[in-house]
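Source file: my_file29.csv. Holds: CSV, C-alpha atoms and all ligand atoms.
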```csv
chain,number,residue,atom,x,y,z
A,994,MET,CA,100.9,105.9,28.8
A,995,VAL,CA,97.8,106.2,26.6
A,996,ILE,CA,95.4,104.8,29.2
A,997,ALA,CA,96.5,107.5,31.8
A,998,GLU,CA,96.0,110.2,29.2
A,999,ASN,CA,92.6,108.8,28.2
A,1000,VAL,CA,91.4,108.7,31.8
A,1001,LYS,CA,92.4,112.3,32.2
A,1002,SER,CA,90.6,113.3,29.0
A,1003,VAL,CA,87.4,111.4,29.9
A,1004,LYS,CA,87.4,113.0,33.3
A,1005,GLU,CA,87.8,116.4,31.7
A,1006,ARG,CA,84.9,115.7,29.3
A,1007,ILE,CA,82.7,114.6,32.2
A,1008,ALA,CA,83.5,117.8,34.1
A,1009,ALA,CA,82.8,119.9,31.1
A,1010,ALA,CA,79.5,118.1,30.4
A,1011,ALA,CA,78.5,118.6,34.1
A,1012,GLU,CA,79.4,122.2,34.0
A,1013,ARG,CA,77.3,122.8,30.9
A,1014,CYS,CA,74.2,121.8,32.9
A,1015,ASP,CA,75.2,123.5,36.2
A,1016,ARG,CA,76.1,120.3,37.9
A,1017,SER,CA,79.3,119.4,39.8
A,1018,ALA,CA,81.7,116.8,38.3
A,1019,ASP,CA,81.8,115.2,41.8
A,1020,GLU,CA,78.2,114.0,41.5
A,1021,ILE,CA,79.1,111.9,38.4
A,1022,CYS,CA,80.7,108.5,39.0
A,1023,LEU,CA,83.0,107.2,36.3
A,1024,VAL,CA,82.9,103.4,36.0
A,1025,ALA,CA,85.6,102.1,33.7
A,1026,ALA,CA,84.1,99.3,31.6
A,1027,THR,CA,87.0,96.8,31.7
A,1028,LYS,CA,85.8,93.9,29.5
A,1029,MET,CA,88.6,92.3,27.4
A,1030,ASN,CA,91.3,94.3,29.2
A,1031,SER,CA,94.1,92.7,31.1
A,1032,ALA,CA,94.9,93.1,34.8
A,1033,GLU,CA,97.9,95.1,33.8
A,1034,ARG,CA,95.8,97.6,31.8
A,1035,LEU,CA,93.3,97.9,34.7
A,1036,ARG,CA,96.2,98.7,37.1
A,1037,GLN,CA,97.3,101.5,34.7
A,1038,ALA,CA,93.7,102.9,34.7
A,1039,ILE,CA,93.4,102.7,38.5
A,1040,ALA,CA,96.8,104.3,38.9
A,1041,ALA,CA,95.5,107.1,36.7
A,1042,GLY,CA,92.5,107.8,38.9
A,1043,VAL,CA,89.8,105.2,38.0
A,1044,THR,CA,88.0,104.4,41.2
A,1045,VAL,CA,85.4,102.0,39.9
A,1046,CYS,CA,85.8,99.1,37.5
A,1047,GLY,CA,82.7,97.6,35.8
A,1048,GLU,CA,83.1,94.0,34.6
A,1049,ASN,CA,80.8,92.2,32.2
A,1050,ARG,CA,81.6,88.5,32.3
A,1051,VAL,CA,81.8,86.4,35.4
A,1052,GLN,CA,84.8,84.3,34.2
A,1053,GLU,CA,86.8,87.4,33.4
A,1054,LEU,CA,85.9,88.9,36.7
A,1055,VAL,CA,87.0,85.8,38.6
A,1056,GLU,CA,90.3,85.6,36.7
A,1057,LYS,CA,91.2,89.2,37.2
A,1058,TRP,CA,90.0,89.1,40.8
A,1059,GLU,CA,92.5,86.4,41.4
A,1060,GLN,CA,95.2,88.5,39.8
A,1061,GLY,CA,94.4,91.4,42.1
A,1062,ALA,CA,93.5,93.5,39.1
A,1063,TYR,CA,90.8,95.6,41.0
A,1064,GLU,CA,93.0,96.5,44.0
A,1065,GLY,CA,92.5,100.2,44.8
A,1066,ALA,CA,89.1,100.4,43.0
A,1067,ALA,CA,85.5,99.3,43.7
A,1068,LEU,CA,84.0,96.7,41.5
A,1069,HIS,CA,80.6,96.7,39.8
A,1070,PHE,CA,79.0,94.0,37.6
A,1071,ILE,CA,77.5,95.4,34.5
A,1072,GLY,CA,76.9,92.4,32.2
A,1073,HIS,CA,74.1,89.9,31.9
A,1074,LEU,CA,74.3,87.7,35.0
A,1075,GLN,CA,73.0,84.1,35.0
A,1076,LYS,CA,71.4,82.9,38.2
A,1077,ASN,CA,73.8,80.0,38.6
A,1078,LYS,CA,76.7,82.4,38.7
A,1079,VAL,CA,75.5,84.8,41.3
A,1080,LYS,CA,77.8,83.2,43.9
A,1081,TYR,CA,80.9,84.6,42.1
A,1082,VAL,CA,79.5,88.1,42.1
A,1083,VAL,CA,77.5,88.7,45.2
A,1084,GLY,CA,79.7,90.2,48.0
A,1085,ARG,CA,82.6,90.8,45.6
A,1086,CYS,CA,80.9,93.6,43.7
A,1087,GLU,CA,79.8,96.7,45.5
A,1088,LEU,CA,77.0,97.2,43.0
A,1089,ILE,CA,75.4,94.8,40.6
A,1090,GLN,CA,74.1,97.1,37.9
A,1091,SER,CA,72.4,94.7,35.6
A,1092,VAL,CA,69.5,93.0,37.5
A,1093,ASP,CA,67.1,92.2,34.7
A,1094,SER,CA,64.6,89.7,36.2
A,1095,ILE,CA,62.8,89.0,39.5
A,1096,GLU,CA,64.3,85.6,39.5
A,1097,LEU,CA,67.8,87.0,39.3
A,1098,LEU,CA,66.9,89.5,42.1
A,1099,SER,CA,65.7,86.6,44.2
A,1100,ALA,CA,68.9,84.5,43.5
A,1101,ILE,CA,71.1,87.5,44.5
A,1102,ASN,CA,69.0,87.9,47.7
A,1103,ALA,CA,69.4,84.3,48.6
A,1104,GLN,CA,73.2,84.4,48.1
A,1105,ALA,CA,73.5,87.7,50.1
A,1106,GLU,CA,71.5,86.2,52.9
A,1107,LYS,CA,73.8,83.2,52.9
A,1108,LEU,CA,76.8,85.5,53.3
A,1109,GLY,CA,75.0,87.7,55.8
A,1110,ILE,CA,75.3,90.8,53.7
A,1111,CYS,CA,73.1,93.3,51.9
A,1112,GLN,CA,73.8,93.5,48.2
A,1113,GLN,CA,73.3,96.8,46.4
A,1114,VAL,CA,71.9,96.5,42.9
A,1115,LEU,CA,70.4,98.6,40.1
A,1116,LEU,CA,67.5,97.5,37.9
A,1117,GLU,CA,68.3,97.4,34.2
A,1118,VAL,CA,65.7,98.9,32.0
A,1119,ASN,CA,65.3,98.0,28.4
A,1120,ILE,CA,64.4,101.6,27.6
A,1121,ALA,CA,64.5,101.2,23.8
A,1122,SER,CA,62.5,98.0,23.9
A,1123,GLU,CA,65.1,96.2,22.0
A,1124,GLU,CA,64.5,92.5,21.3
A,1125,SER,CA,68.2,91.7,21.7
A,1126,LYS,CA,68.6,93.3,25.1
A,1127,SER,CA,67.6,92.2,28.5
A,1128,GLY,CA,66.1,94.5,31.2
A,1129,PHE,CA,62.7,95.4,32.6
A,1130,SER,CA,60.2,97.3,30.5
A,1131,SER,CA,59.2,100.6,32.1
A,1132,SER,CA,55.7,99.1,32.7
A,1133,GLU,CA,57.2,96.2,34.7
A,1134,LEU,CA,59.1,98.4,37.1
A,1135,PRO,CA,56.4,99.2,39.5
A,1136,VAL,CA,55.7,95.5,40.1
A,1137,VAL,CA,59.4,94.8,40.7
A,1138,LEU,CA,59.8,97.8,43.0
A,1139,ALA,CA,56.7,96.8,45.0
A,1140,SER,CA,58.1,93.3,45.5
A,1141,ALA,CA,61.5,94.6,46.7
A,1142,GLY,CA,60.4,94.6,50.3
A,1143,ASN,CA,60.3,90.8,50.1
A,1144,PHE,CA,64.0,90.7,49.4
A,1145,THR,CA,65.6,91.8,52.7
A,1146,HIS,CA,69.2,91.2,51.6
A,1147,VAL,CA,69.2,93.4,48.5
A,1148,PHE,CA,69.0,97.2,48.3
A,1149,ILE,CA,67.9,98.7,45.0
A,1150,ARG,CA,69.9,101.9,44.5
A,1151,GLY,CA,68.8,103.0,41.1
A,1152,LEU,CA,68.4,102.3,37.4
A,1153,MET,CA,70.7,101.4,34.6
A,1154,ALA,CA,70.1,101.4,30.8
A,1155,ILE,CA,72.0,100.4,27.7
A,1156,PRO,CA,70.3,102.1,24.8
A,1157,PRO,CA,71.3,101.4,21.2
A,1158,ILE,CA,74.9,102.2,20.1
A,1159,SER,CA,75.0,105.9,19.4
A,1160,ILE,CA,75.8,106.5,15.7
A,1161,ILE,CA,74.3,109.9,15.2
A,1162,LYS,CA,75.2,112.5,17.8
A,1163,GLY,CA,72.3,113.1,20.1
A,1164,GLN,CA,70.4,110.0,19.0
A,1165,ASN,CA,70.0,108.5,22.5
A,1166,ARG,CA,68.9,111.7,24.2
A,1167,PRO,CA,65.2,110.8,24.2
A,1168,TYR,CA,66.0,107.4,25.8
A,1169,PHE,CA,68.2,109.2,28.5
A,1170,ALA,CA,65.4,111.7,29.1
A,1171,ALA,CA,62.9,108.8,29.5
A,1172,MET,CA,65.1,107.1,32.0
A,1173,LYS,CA,65.5,110.3,34.0
A,1174,GLN,CA,61.7,110.6,34.1
A,1175,LEU,CA,61.3,107.1,35.4
A,1176,PHE,CA,64.0,107.7,38.0
A,1177,ILE,CA,62.3,110.9,39.3
A,1178,ASP,CA,58.8,109.2,39.3
A,1179,ILE,CA,60.1,106.4,41.4
A,1180,GLN,CA,61.9,108.8,43.8
A,1181,THR,CA,58.5,110.4,44.6
A,1182,LYS,CA,57.1,107.0,45.7
A,1183,LYS,CA,57.9,105.0,48.8
A,1184,TYR,CA,59.1,101.4,48.3
A,1185,ASP,CA,60.9,99.2,50.9
A,1186,ASN,CA,64.5,98.4,50.2
A,1187,VAL,CA,64.6,101.0,47.4
A,1188,SER,CA,66.5,104.3,47.2
A,1189,MET,CA,66.8,105.9,43.8
A,1190,ASP,CA,70.4,107.3,44.1
A,1191,PHE,CA,72.1,106.1,40.9
A,1192,LEU,CA,71.1,106.6,37.3
A,1193,SER,CA,73.7,104.6,35.3
A,1194,MET,CA,73.6,105.6,31.6
A,1195,GLY,CA,76.1,106.8,29.0
A,1196,MET,CA,79.0,105.0,27.3
A,1197,SER,CA,82.0,106.2,25.2
A,1198,GLY,CA,79.8,107.3,22.3
A,1199,ASP,CA,77.2,109.3,24.3
A,1200,PHE,CA,78.2,109.9,27.9
A,1201,GLU,CA,78.0,113.7,27.5
A,1202,ASP,CA,74.4,113.4,26.2
A,1203,ALA,CA,73.6,111.1,29.1
A,1204,ILE,CA,75.0,113.6,31.6
A,1205,ALA,CA,73.0,116.4,30.0
A,1206,GLU,CA,69.9,114.4,30.6
A,1207,GLY,CA,70.7,113.6,34.2
A,1208,SER,CA,72.9,110.6,34.4
A,1209,ASN,CA,75.1,110.4,37.5
A,1210,MET,CA,77.0,107.2,36.6
A,1211,VAL,CA,78.7,106.7,33.2
A,1212,ARG,CA,80.2,103.4,32.1
A,1213,VAL,CA,83.1,104.1,29.7
A,1214,GLY,CA,85.2,101.5,28.0
A,1215,SER,CA,86.8,102.2,24.7
A,1216,ALA,CA,87.4,105.9,25.4
A,1217,ILE,CA,89.7,104.8,28.2
A,1218,PHE,CA,91.2,101.5,26.9
A,1219,GLY,CA,90.9,102.0,23.1
A,1220,ALA,CA,88.9,99.8,20.8
A,1221,ARG,CA,88.4,96.3,21.9
A,1222,ASP,CA,89.9,93.6,19.7
A,1223,TYR,CA,87.1,91.0,19.2
A,1224,SER,CA,89.2,89.0,16.7
A,1225,LYS,CA,91.0,87.3,19.5
A,1226,THR,CA,87.9,85.9,21.2
A,1301,LIG,C1,81.2,97.6,27.2
A,1301,LIG,C2,80.2,98.3,28.0
A,1301,LIG,C3,80.2,99.6,28.2
A,1301,LIG,C4,81.2,100.6,27.7
A,1301,LIG,O1,81.2,100.6,26.3
A,1301,LIG,P1,82.1,101.6,25.5
A,1301,LIG,O2,81.3,101.9,24.3
A,1301,LIG,O3,83.4,100.9,25.1
A,1301,LIG,O4,82.4,102.8,26.3
A,1301,LIG,C5,79.2,100.2,29.1
A,1301,LIG,N1,78.2,99.4,29.6
A,1301,LIG,C6,78.2,98.1,29.4
A,1301,LIG,C7,77.1,97.3,30.0
A,1301,LIG,C8,79.1,97.5,28.6
A,1301,LIG,O5,79.0,96.2,28.3
```
Using structure tokens, write down the structure from this file.
Amino acid sequence: MVIAENVKSVKERIAAAAERCDRSADEICLVAATKMNSAERLRQAIAAGVTVCGENRVQELVEKWEQGAYEGAALHFIGHLQKNKVKYVVGRCELIQSVDSIELLSAINAQAEKLGICQQVLLEVNIASEESKSGFSSSELPVVLASAGNFTHVFIRGLMAIPPISIIKGQNRPYFAAMKQLFIDIQTKKYDNVSMDFLSMGMSGDFEDAIAEGSNMVRVGSAIFGARDYSKT
């Protein structure tokens, strides 16, 4: 059972990273990034102690949802979400981590209102200002946060970032540190429908660095499920 062993080892690494900065492992949420993994593999991960699954693609989410793949775990959405697909995600996902435009926030709000629920979300920040990535720039954040009061059916619970793939150890630490600073700055301000509780950053290649810089939510895929096979897509 390779997946079960990997879950155990990732949890141990999270705990060790937390301990190194005098934090408790309990305050760090492990989100298993499940893209391209089958329902059966998700079930193995959940049986091994994964409590949150993070899905990237709406179609995969719907398919696996119908197969009961997420039973026993909470579900987060972590990929780029198109406005016309919010209906498949709102209500099903406890947290939509990847809100990258006001238009998307508005569409999520409208769908949540229709369902009579409040949808929790994170704002995605393009912290490395990468052309290829979506997300708000840090200078756009205050405007978005100030408008959150208009969206009565969403609740902004924090920030999420996907910095460049970490090739050199420690390379993303400045980005993680910048995110933590934004997070703290926002915490000191008062915005309606906003509560800075989750700072989602760190993936297989750099989650220990992210924790060292203050992450409390890591999204780990390949360190749990093994390398993804893109040749089949
Ligand atoms: C795939 C993915 C991850 C996990 O990546 P790994 O490097 O496999 O750990 C984390 N966050 C997002 C948004 C992803 O798409």
With only C-alpha atoms and all ligand atoms as the atoms that count, which of A:Asn1049, A:Gln1104, A:Asn1143, A:Gln1164 lies nearest to ligand LIG 1301 (chain A)?
A:Asn1049
Can you pull out every residue with an atom within 7 Å of ligand LIG 1301 (chain A)? Use all atoms listed in the file and format it as a PyMOL selection string.
chain A and resi 1026+1028+1049+1071-1072+1155+1196-1198+1212-1216
Given the point (95.4, 109.6, 38.8) in the coordinates of this file, which residues lie within 10 Å, counting all atoms listed in the file, and how would they look as a VMD selection string?
chain A and resid 997 to 998 1000 to 1001 1037 to 1044
With the cut-off set at 8 Å and counting all atoms listed in the file, tabulate each residue of segment 1142-1216 of chain A with an atom at most that distance from an atom of segment 1083-1102 of chain A, showing the nearest atom pair and its distance in Å to one decimal, ordered by chain and increasing number, as CSV.
```
residue,atom,partner,partner_atom,distance
A:Phe1144,CA,A:Asn1102,CA,6.0
A:Thr1145,CA,A:Asn1102,CA,7.2
A:His1146,CA,A:Asn1102,CA,5.1
A:Val1147,CA,A:Asn1102,CA,5.6
A:Leu1152,CA,A:Gln1090,CA,7.7
A:Met1153,CA,A:Gln1090,CA,6.4
A:Ser1193,CA,A:Gln1090,CA,7.9
```
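When only C-alpha atoms are used to compute distances to Val1051 of chain A, the closest of the residues A:Lys1080, A:Leu1116, A:Lys1162, A:Asp1199 turns out to be A:Lys1080.
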Can you list every residue of segment 1076-1143 of chain A that has an atom at most 9 Å from segment 1167-1180 of chain A, with its nearest atom pair and the distance in Å to one decimal, using all atoms listed in the file, ordered by chain then number, as JSON lines?
```
{"residue": "A:Val1118", "atom": "CA", "partner": "A:Met1172", "partner_atom": "CA", "distance": 8.2}
{"residue": "A:Ile1120", "atom": "CA", "partner": "A:Tyr1168", "partner_atom": "CA", "distance": 6.3}
{"residue": "A:Ala1121", "atom": "CA", "partner": "A:Tyr1168", "partner_atom": "CA", "distance": 6.7}
{"residue": "A:Ser1131", "atom": "CA", "partner": "A:Leu1175", "partner_atom": "CA", "distance": 7.6}
{"residue": "A:Pro1135", "atom": "CA", "partner": "A:Ile1179", "partner_atom": "CA", "distance": 8.3}
{"residue": "A:Leu1138", "atom": "CA", "partner": "A:Ile1179", "partner_atom": "CA", "distance": 8.8}
```
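Comparing the minimum interatomic distances between Pro1157 of chain A and each of A:Leu1134, A:Arg1006, A:Glu1123, A:Gly1142, counting all atoms listed in the file, we find that A:Glu1123 sits nearest.
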Counting only C-alpha atoms, figure out which residue out of A:Ala1032, A:Ile1007, A:Met1210, A:Ile996 gets nearest to Gly1151 of chain A.
A:Met1210
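For the choices A:Ser1224, A:Arg1013, A:Val1211, A:Arg1034, the atom-to-atom distance to Lys1057 of chain A is smallest for A:Arg1034 when using only C-alpha atoms.
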Which is closer to Ser1017 of chain A than all the others in A:Ile1149, A:Asp1222, A:Asn1209, A:Thr1181, using all atoms listed in the file?
A:Asn1209
Kindly provide, as JSON, the centre and edge lengths (Å, one decimal) of an axis-aligned box around all atoms of segment 1129-1136 of chain A given in the file, with 6 Å on each side.
```
{"center_x": 59.2, "center_y": 98.0, "center_z": 35.3, "size_x": 19.0, "size_y": 17.2, "size_z": 21.6}
```
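Picture a line from atom CA of Pro1156 of chain A to atom CA of Ile1021 of chain A; it runs 18.9 Å.
The interatomic distance for the pair atom CA of Arg1150 of chain A and atom CA of Glu1117 of chain A works out to 11.4 Å.
Computed from the coordinates, the atom CA of Ser1031 of chain A to atom CA of Ala1062 of chain A distance equals 8.1 Å.
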